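Scroll down for the structure; my scribbles are underneath it.
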Amino acid sequence: MATNDTGPTRTESKRFLVQCDGCSFEQSANGRDEATEVGTDHRQETGHELVAVELPPSVDSV
Ligand SMILES: [Zn+2]
């Protein structure tokens with residue numbers, strides 16, 4: 001058996017922007033887990049509904 005890619009998980013590259021539907025809360029997160037954590041945290045505090053938007057990997061700021 002050939003093992004080519006068995007390194008550590010590289011799923012941290014995805015970035016999400018967690019936005020709230022009930023207030024102006026907005027926070028970026030690295031990875032889906034963190035986005036879920038941020039959303040769950042705010043939801044438990046406020047009861048608001050949140051949406052996680054996936055951000056593009058490369059951001060051109062011009
Ligand atoms: Zn909120």
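Labels for the structure tokens follow display order: chains A, B, ..., residues from 1 in each chain, ligands from 1.
Considering only C-alpha atoms and all ligand atoms, every residue of the polymer chains approaching ligand 1 to 12 Å or closer is listed here: A:Val18, A:Gln19, A:Cys20, A:Asp21, A:Gly22, A:Cys23, A:Ser24, A:Phe25, A:Glu26, A:Gln27, A:Val38, A:Gly39, A:Thr40, A:Asp41, A:His42, A:Arg43, A:Gln44, A:Glu45, A:Thr46, A:Gly47, A:His48, A:Glu49, A:Leu50, A:Val51.
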Point to revise | Interatomic distance, atom CA of Ala52 of chain A to atom CA of Arg32 of chain A (Å, one decimal) | key: 8.7 Å
